[in-house]
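**Q** Just final_14.pdb, nothing more (PDB, C-alpha atoms):
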```pdb
ATOM      1  CA  MET A   1     -39.179  63.371 -46.086
ATOM      2  CA  ASN A   2     -41.035  60.832 -48.227
ATOM      3  CA  THR A   3     -41.824  57.779 -46.161
ATOM      4  CA  PRO A   4     -43.360  54.645 -47.717
ATOM      5  CA  SER A   5     -45.861  52.474 -45.864
ATOM      6  CA  ASN A   6     -44.601  49.312 -44.164
ATOM      7  CA  MET A   7     -47.111  47.015 -45.879
ATOM      8  CA  LEU A   8     -48.540  45.000 -42.997
ATOM      9  CA  ALA A   9     -49.031  41.324 -43.958
ATOM     10  CA  LEU A  10     -52.256  40.608 -45.858
ATOM     11  CA  GLY A  11     -54.696  38.549 -43.805
ATOM     12  CA  THR A  12     -53.726  40.374 -40.585
ATOM     13  CA  LYS A  13     -56.744  40.914 -38.293
ATOM     14  CA  ALA A  14     -57.506  44.583 -37.773
ATOM     15  CA  PRO A  15     -56.019  45.562 -34.402
ATOM     16  CA  PHE A  16     -58.847  46.649 -32.098
ATOM     17  CA  PHE A  17     -59.060  50.275 -30.985
ATOM     18  CA  GLU A  18     -61.187  52.662 -28.964
ATOM     19  CA  LEU A  19     -60.346  56.306 -29.532
ATOM     20  CA  PRO A  20     -61.903  59.719 -28.906
ATOM     21  CA  ASN A  21     -63.577  61.571 -31.770
ATOM     22  CA  PRO A  22     -62.856  65.298 -31.287
ATOM     23  CA  SER A  23     -65.740  66.258 -33.645
ATOM     24  CA  LYS A  24     -68.174  64.412 -31.362
ATOM     25  CA  SER A  25     -67.090  65.997 -28.046
ATOM     26  CA  ASN A  26     -64.395  63.316 -27.682
ATOM     27  CA  GLU A  27     -66.930  60.494 -27.618
ATOM     28  CA  ILE A  28     -65.001  57.211 -27.516
ATOM     29  CA  GLN A  29     -65.596  55.203 -30.677
ATOM     30  CA  SER A  30     -64.408  51.664 -31.339
ATOM     31  CA  LEU A  31     -63.546  49.692 -34.433
ATOM     32  CA  GLU A  32     -66.407  47.295 -33.630
ATOM     33  CA  GLU A  33     -68.979  50.109 -33.587
ATOM     34  CA  LEU A  34     -67.691  51.918 -36.650
ATOM     35  CA  LYS A  35     -66.723  49.093 -39.002
ATOM     36  CA  GLY A  36     -68.527  48.733 -42.318
ATOM     37  CA  GLU A  37     -70.955  45.958 -43.154
ATOM     38  CA  LYS A  38     -68.810  44.797 -46.094
ATOM     39  CA  GLY A  39     -65.448  46.500 -45.632
ATOM     40  CA  THR A  40     -63.556  49.029 -43.527
ATOM     41  CA  LEU A  41     -60.843  51.406 -44.681
ATOM     42  CA  VAL A  42     -58.601  52.613 -41.845
ATOM     43  CA  ILE A  43     -56.622  55.715 -42.809
ATOM     44  CA  PHE A  44     -53.774  57.183 -40.786
ATOM     45  CA  MET A  45     -53.693  60.867 -41.646
ATOM     46  CA  CYS A  46     -53.330  64.335 -40.155
ATOM     47  CA  ASN A  47     -54.337  67.911 -40.868
ATOM     48  CA  HIS A  48     -51.203  69.563 -42.171
ATOM     49  CA  CYS A  49     -49.427  66.972 -44.313
ATOM     50  CA  PRO A  50     -49.234  67.997 -48.009
ATOM     51  CA  PHE A  51     -49.816  64.358 -49.048
ATOM     52  CA  VAL A  52     -53.081  64.274 -47.063
ATOM     53  CA  LEU A  53     -54.178  67.685 -48.355
ATOM     54  CA  HIS A  54     -53.494  66.366 -51.871
ATOM     55  CA  VAL A  55     -55.963  63.456 -51.527
ATOM     56  CA  ILE A  56     -58.543  64.510 -48.930
ATOM     57  CA  ASP A  57     -61.173  65.771 -51.387
ATOM     58  CA  LYS A  58     -60.921  62.598 -53.478
ATOM     59  CA  LEU A  59     -61.129  60.522 -50.312
ATOM     60  CA  HIS A  60     -64.343  62.312 -49.387
ATOM     61  CA  GLU A  61     -65.685  61.594 -52.894
ATOM     62  CA  LEU A  62     -64.824  57.882 -52.569
ATOM     63  CA  TYR A  63     -66.555  57.824 -49.197
ATOM     64  CA  GLU A  64     -69.697  59.313 -50.743
ATOM     65  CA  ASP A  65     -69.584  56.616 -53.453
ATOM     66  CA  TYR A  66     -68.883  53.590 -51.269
ATOM     67  CA  HIS A  67     -70.402  54.349 -47.888
ATOM     68  CA  GLU A  68     -73.874  53.380 -49.122
ATOM     69  CA  ARG A  69     -72.435  50.142 -50.481
ATOM     70  CA  GLY A  70     -71.284  48.997 -47.043
ATOM     71  CA  ILE A  71     -67.728  50.296 -46.890
ATOM     72  CA  GLU A  72     -66.887  52.484 -43.906
ATOM     73  CA  PHE A  73     -63.888  54.813 -43.619
ATOM     74  CA  ILE A  74     -62.198  55.529 -40.269
ATOM     75  CA  ALA A  75     -59.453  58.156 -40.174
ATOM     76  CA  ILE A  76     -56.949  58.301 -37.306
ATOM     77  CA  ASN A  77     -54.489  61.052 -36.420
ATOM     78  CA  ALA A  78     -51.532  59.785 -34.367
ATOM     79  CA  ASN A  79     -49.158  62.730 -34.744
ATOM     80  CA  ASP A  80     -47.339  64.255 -31.772
ATOM     81  CA  VAL A  81     -49.385  67.429 -31.326
ATOM     82  CA  GLU A  82     -46.938  69.013 -28.896
ATOM     83  CA  LYS A  83     -44.351  69.266 -31.661
ATOM     84  CA  TYR A  84     -47.001  69.698 -34.391
ATOM     85  CA  PRO A  85     -49.794  71.874 -32.974
ATOM     86  CA  ALA A  86     -51.381  72.073 -36.460
ATOM     87  CA  ASP A  87     -52.518  68.471 -35.857
ATOM     88  CA  SER A  88     -54.187  69.124 -32.492
ATOM     89  CA  PRO A  89     -57.697  67.754 -31.798
ATOM     90  CA  GLU A  90     -59.150  71.290 -32.037
ATOM     91  CA  LYS A  91     -57.578  71.662 -35.465
ATOM     92  CA  MET A  92     -58.891  68.198 -36.452
ATOM     93  CA  ILE A  93     -62.424  69.526 -35.908
ATOM     94  CA  GLU A  94     -61.672  72.622 -38.030
ATOM     95  CA  PHE A  95     -60.080  70.484 -40.744
ATOM     96  CA  GLN A  96     -63.098  68.191 -40.902
ATOM     97  CA  ILE A  97     -65.506  71.140 -41.203
ATOM     98  CA  GLU A  98     -63.327  72.938 -43.755
ATOM     99  CA  ARG A  99     -62.882  69.843 -45.958
ATOM    100  CA  LYS A 100     -66.477  68.670 -45.396
ATOM    101  CA  PHE A 101     -65.748  64.964 -44.906
ATOM    102  CA  ASP A 102     -68.221  62.907 -42.885
ATOM    103  CA  PHE A 103     -66.250  59.824 -41.937
ATOM    104  CA  PRO A 104     -65.026  59.591 -38.318
ATOM    105  CA  TYR A 105     -61.663  61.212 -37.574
ATOM    106  CA  LEU A 106     -60.211  59.855 -34.331
ATOM    107  CA  TYR A 107     -57.287  60.943 -32.186
ATOM    108  CA  ASP A 108     -54.601  58.408 -31.184
ATOM    109  CA  GLU A 109     -52.784  60.436 -28.556
ATOM    110  CA  SER A 110     -50.724  57.539 -27.179
ATOM    111  CA  GLN A 111     -49.779  56.426 -30.734
ATOM    112  CA  ALA A 112     -50.484  52.832 -29.612
ATOM    113  CA  VAL A 113     -52.985  52.262 -32.427
ATOM    114  CA  ALA A 114     -50.599  53.546 -35.112
ATOM    115  CA  LYS A 115     -47.954  51.180 -33.724
ATOM    116  CA  ALA A 116     -50.391  48.244 -33.687
ATOM    117  CA  TYR A 117     -51.060  48.864 -37.399
ATOM    118  CA  ASP A 118     -47.352  49.388 -38.134
ATOM    119  CA  ALA A 119     -48.378  52.707 -39.712
ATOM    120  CA  ALA A 120     -45.495  54.738 -41.114
ATOM    121  CA  CYS A 121     -46.810  57.660 -43.117
ATOM    122  CA  THR A 122     -49.708  60.027 -43.692
ATOM    123  CA  PRO A 123     -51.768  58.953 -45.507
ATOM    124  CA  ASP A 124     -51.428  55.222 -44.813
ATOM    125  CA  PHE A 125     -54.364  53.042 -45.978
ATOM    126  CA  TYR A 126     -55.543  49.666 -44.622
ATOM    127  CA  PHE A 127     -58.589  47.980 -46.121
ATOM    128  CA  PHE A 128     -60.267  45.114 -44.256
ATOM    129  CA  ASP A 129     -63.067  42.783 -45.320
ATOM    130  CA  GLU A 130     -66.256  42.112 -43.340
ATOM    131  CA  LYS A 131     -64.324  39.720 -41.056
ATOM    132  CA  LEU A 132     -61.755  42.482 -40.445
ATOM    133  CA  ASP A 133     -59.004  40.590 -42.302
ATOM    134  CA  LEU A 134     -56.566  42.830 -44.198
ATOM    135  CA  VAL A 135     -57.148  42.537 -47.961
ATOM    136  CA  TYR A 136     -55.409  45.671 -49.261
ATOM    137  CA  ARG A 137     -52.827  48.091 -47.979
ATOM    138  CA  GLY A 138     -50.869  50.657 -49.876
ATOM    139  CA  GLN A 139     -51.461  53.699 -52.004
ATOM    140  CA  MET A 140     -54.718  55.357 -53.002
ATOM    141  CA  ASP A 141     -53.331  55.900 -56.534
ATOM    142  CA  ASP A 142     -50.126  57.033 -58.295
ATOM    143  CA  SER A 143     -50.715  60.730 -57.744
ATOM    144  CA  ARG A 144     -48.407  62.634 -55.368
ATOM    145  CA  PRO A 145     -48.055  66.351 -54.723
ATOM    146  CA  GLY A 146     -46.053  67.761 -57.616
ATOM    147  CA  ASN A 147     -45.983  64.690 -59.929
ATOM    148  CA  ASN A 148     -48.827  66.014 -62.110
ATOM    149  CA  LYS A 149     -50.637  62.665 -62.144
ATOM    150  CA  GLU A 150     -54.405  62.873 -61.863
ATOM    151  CA  ILE A 151     -55.915  61.969 -58.489
ATOM    152  CA  THR A 152     -58.156  59.040 -59.383
ATOM    153  CA  GLY A 153     -58.311  56.906 -56.229
ATOM    154  CA  GLU A 154     -57.788  54.007 -58.651
ATOM    155  CA  ASP A 155     -55.960  51.555 -56.366
ATOM    156  CA  LEU A 156     -58.555  51.915 -53.616
ATOM    157  CA  ILE A 157     -61.433  51.722 -56.102
ATOM    158  CA  ILE A 158     -60.055  48.441 -57.495
ATOM    159  CA  ALA A 159     -59.734  47.051 -53.951
ATOM    160  CA  PHE A 160     -63.298  48.145 -53.060
ATOM    161  CA  GLU A 161     -64.790  46.759 -56.286
ATOM    162  CA  ASN A 162     -62.934  43.440 -55.953
ATOM    163  CA  LEU A 163     -64.263  43.051 -52.431
ATOM    164  CA  LEU A 164     -67.841  43.942 -53.376
ATOM    165  CA  LEU A 165     -67.755  41.559 -56.358
ATOM    166  CA  GLY A 166     -66.126  38.757 -54.359
ATOM    167  CA  GLU A 167     -63.084  38.825 -56.654
ATOM    168  CA  PRO A 168     -59.504  38.232 -55.473
ATOM    169  CA  GLN A 169     -57.437  41.334 -54.740
ATOM    170  CA  GLU A 170     -54.536  42.450 -56.907
ATOM    171  CA  GLU A 171     -51.344  40.613 -56.018
ATOM    172  CA  ILE A 172     -49.171  43.652 -56.595
ATOM    173  CA  GLN A 173     -50.026  46.368 -54.100
ATOM    174  CA  ARG A 174     -47.884  49.483 -54.098
ATOM    175  CA  PRO A 175     -46.952  51.229 -50.858
ATOM    176  CA  SER A 176     -48.535  54.515 -49.961
ATOM    177  CA  MET A 177     -46.131  57.434 -49.684
ATOM    178  CA  GLY A 178     -46.346  60.435 -47.432
ATOM    179  CA  CYS A 179     -44.874  62.372 -44.568
ATOM    180  CA  ASN A 180     -43.653  60.163 -41.745
ATOM    181  CA  ILE A 181     -45.909  59.884 -38.713
ATOM    182  CA  LYS A 182     -44.622  62.370 -36.131
ATOM    183  CA  TRP A 183     -43.619  59.981 -33.366
ATOM    184  CA  LYS A 184     -43.099  61.198 -29.823
TER     185      LYS A 184
END
```
Would you mind writing the structure in this file as structure tokens?
**A**
Amino acid sequence: MNTPSNMLALGTKAPFFELPNPSKSNEIQSLEELKGEKGTLVIFMCNHCPFVLHVIDKLHELYEDYHERGIEFIAINANDVEKYPADSPEKMIEFQIERKFDFPYLYDESQAVAKAYDAACTPDFYFFDEKLDLVYRGQMDDSRPGNNKEITGEDLIIAFENLLLGEPQEEIQRPSMGCNIKWK
């Protein structure tokens, strides 16, 4: 089922969270600790979703490009792992190793954080400025599994560049699309 993102209101303060990081022996990590100096991209994703698998390598590439420029990525998995064991914390560790991405990948077992962000799909992207105000939310680019459009990361790149240059963000922001979050 293709679920679009809910498009949280721009200007919303990033809801606070503290969540375990399975790849770091479940060390509890908070938004405050992890946030970027200039911007923070919060990504709701999971291990098995075809929409996530479609973009994960590009996401890793964007992270490599922008991490040094003060933009941090924080991924969160909020799926119900009882019904979807492929998204379990153990599998999150395997997925991170297999796909070689370095940004933190946290586990939202209670789903409270996903609800606070009004997250709807995987992947769902939220980009906050240095004050943790929401400046962009929506798709990474126009590419989807099966639509034969190149994966460019264009919409996120524009948002990152606008922030770094102090330019206003695009007024038209298109929703992300993906599998629905597997609610309990």
**Q** Would you kindly return, as a ChimeraX atom specification, each protein, DNA or RNA residue with an atom no farther than 10 Å from any atom of Ile93 (chain A), considering only C-alpha atoms and excluding same-chain residues fewer than 4 positions away?
**A** /A:21-25,47,87-89,97-98,105
**Q** Choose the residue, out of A:Leu165, A:Ile157, A:Ile151, A:Ala119, that has the smallest atom-to-atom separation from Thr3 (chain A); count all atoms listed in the file.
**A**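 Closest to Thr3 (chain A) of all the choices is A:Ala119.
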**Q** Counting all atoms listed in the file, figure out which residue out of A:Leu53, A:Met92, A:Leu132, A:Val42 gets nearest to Gly11 (chain A).
**A**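 Distance minimum relative to Gly11 (chain A) lands on A:Leu132.
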**Q** For the atom pair CA of Lys182 (chain A) and CA of Glu72 (chain A), what is the interatomic distance in Å to one decimal place?
**A**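 Atom-to-atom, CA of Lys182 (chain A) and CA of Glu72 (chain A) are spaced 25.6 Å apart.
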**Q** Find the distance between CA of Ser176 (chain A) and CA of Tyr63 (chain A) and write it in Å to one decimal.
**A**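 CA of Ser176 (chain A) sits 18.3 Å away from CA of Tyr63 (chain A).
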**Q** As an exercise, work out the distance from CA of Ala112 (chain A) to CA of Leu156 (chain A) in Å and give it to one decimal place.
**A** 25.3 Å
**Q** Taking into account only C-alpha atoms, which residue in the set A:Phe73, A:Cys179, A:Pro85, A:Lys58 is nearest to Leu34 (chain A)?
**A**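 Closest to Leu34 (chain A), using only C-alpha atoms: A:Phe73.
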**Q** Would you list the residues near (-46.7, 48.6, -49.3), meaning any protein, DNA or RNA residue with an atom at most 7 Å from that point in file coordinates, counting only C-alpha atoms, as a compact mmCIF listing (two decimals) with C-alpha atoms, in the frame of the given file?
**A**
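Okay, this is what ended up in result08.txt:
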```txt
# COMPACT_ATOMS: atom_id res chain seq x y z
CA SER A 5 -45.86 52.47 -45.86
CA ASN A 6 -44.60 49.31 -44.16
CA MET A 7 -47.11 47.02 -45.88
CA ARG A 137 -52.83 48.09 -47.98
CA GLY A 138 -50.87 50.66 -49.88
CA GLN A 173 -50.03 46.37 -54.10
CA ARG A 174 -47.88 49.48 -54.10
CA PRO A 175 -46.95 51.23 -50.86
CA SER A 176 -48.54 54.52 -49.96
```
**Q** If you count all atoms listed in the file, which residues fall within 12 Å of Pro15 (chain A), apart from same-chain ones fewer than 3 positions away, as a list in words?
**A**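 In the requested format, the answer is Leu8, Gly11, Thr12, Glu18, Ser30, Leu31, Glu32, Val42, Ala112, Val113, Ala114, Lys115, Ala116, Tyr117, Asp118, Ala119, Tyr126, Phe128, Leu132, Asp133 and Leu134 of chain A.
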**Q** For Gly36 (chain A), which of A:Ile181, A:Cys121, A:Ile74, A:Leu106 is the closest residue, counting only C-alpha atoms?
**A**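 Among the listed residues, A:Ile74 lies closest to Gly36 (chain A).
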**Q** From the options A:Trp183, A:Tyr84, A:Phe101, A:Tyr66, which residue's atoms come nearest to Leu41 (chain A), counting only C-alpha atoms?
**A** A:Tyr66
**Q** Could you tell me which of A:Ala120, A:Asp129, A:Asp141, A:Asn2 comes closest to Pro50 (chain A) if we count only C-alpha atoms?
**A**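 Among the listed residues, the smallest separation from Pro50 (chain A) belongs to A:Asn2.
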**Q** Which residues match the PyMOL selection byres ((chain A and resi 152) around 12) in the file above, as a VMD selection string?
**A** chain A and resid 54 to 59 61 to 62 139 to 144 148 to 151 153 to 158
**Q** Would you save the residues from that selection as a PDB file, keeping the file's coordinate frame, using C-alpha atoms?
**A**
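Okay, this is what ended up in selection.pdb:
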```
ATOM      1  CA  HIS A  54     -53.494  66.366 -51.871  1.00  0.00           C
ATOM      2  CA  VAL A  55     -55.963  63.456 -51.527  1.00  0.00           C
ATOM      3  CA  ILE A  56     -58.543  64.510 -48.930  1.00  0.00           C
ATOM      4  CA  ASP A  57     -61.173  65.771 -51.387  1.00  0.00           C
ATOM      5  CA  LYS A  58     -60.921  62.598 -53.478  1.00  0.00           C
ATOM      6  CA  LEU A  59     -61.129  60.522 -50.312  1.00  0.00           C
ATOM      7  CA  GLU A  61     -65.685  61.594 -52.894  1.00  0.00           C
ATOM      8  CA  LEU A  62     -64.824  57.882 -52.569  1.00  0.00           C
ATOM      9  CA  GLN A 139     -51.461  53.699 -52.004  1.00  0.00           C
ATOM     10  CA  MET A 140     -54.718  55.357 -53.002  1.00  0.00           C
ATOM     11  CA  ASP A 141     -53.331  55.900 -56.534  1.00  0.00           C
ATOM     12  CA  ASP A 142     -50.126  57.033 -58.295  1.00  0.00           C
ATOM     13  CA  SER A 143     -50.715  60.730 -57.744  1.00  0.00           C
ATOM     14  CA  ARG A 144     -48.407  62.634 -55.368  1.00  0.00           C
ATOM     15  CA  ASN A 148     -48.827  66.014 -62.110  1.00  0.00           C
ATOM     16  CA  LYS A 149     -50.637  62.665 -62.144  1.00  0.00           C
ATOM     17  CA  GLU A 150     -54.405  62.873 -61.863  1.00  0.00           C
ATOM     18  CA  ILE A 151     -55.915  61.969 -58.489  1.00  0.00           C
ATOM     19  CA  GLY A 153     -58.311  56.906 -56.229  1.00  0.00           C
ATOM     20  CA  GLU A 154     -57.788  54.007 -58.651  1.00  0.00           C
ATOM     21  CA  ASP A 155     -55.960  51.555 -56.366  1.00  0.00           C
ATOM     22  CA  LEU A 156     -58.555  51.915 -53.616  1.00  0.00           C
ATOM     23  CA  ILE A 157     -61.433  51.722 -56.102  1.00  0.00           C
ATOM     24  CA  ILE A 158     -60.055  48.441 -57.495  1.00  0.00           C
TER      25      ILE A 158
END
```
**Q** For this file, the PyMOL selection byres ((chain A and resi 43) around 6) selects which residues, as a VMD selection string?
**A** chain A and resid 42 44 75 124 to 125
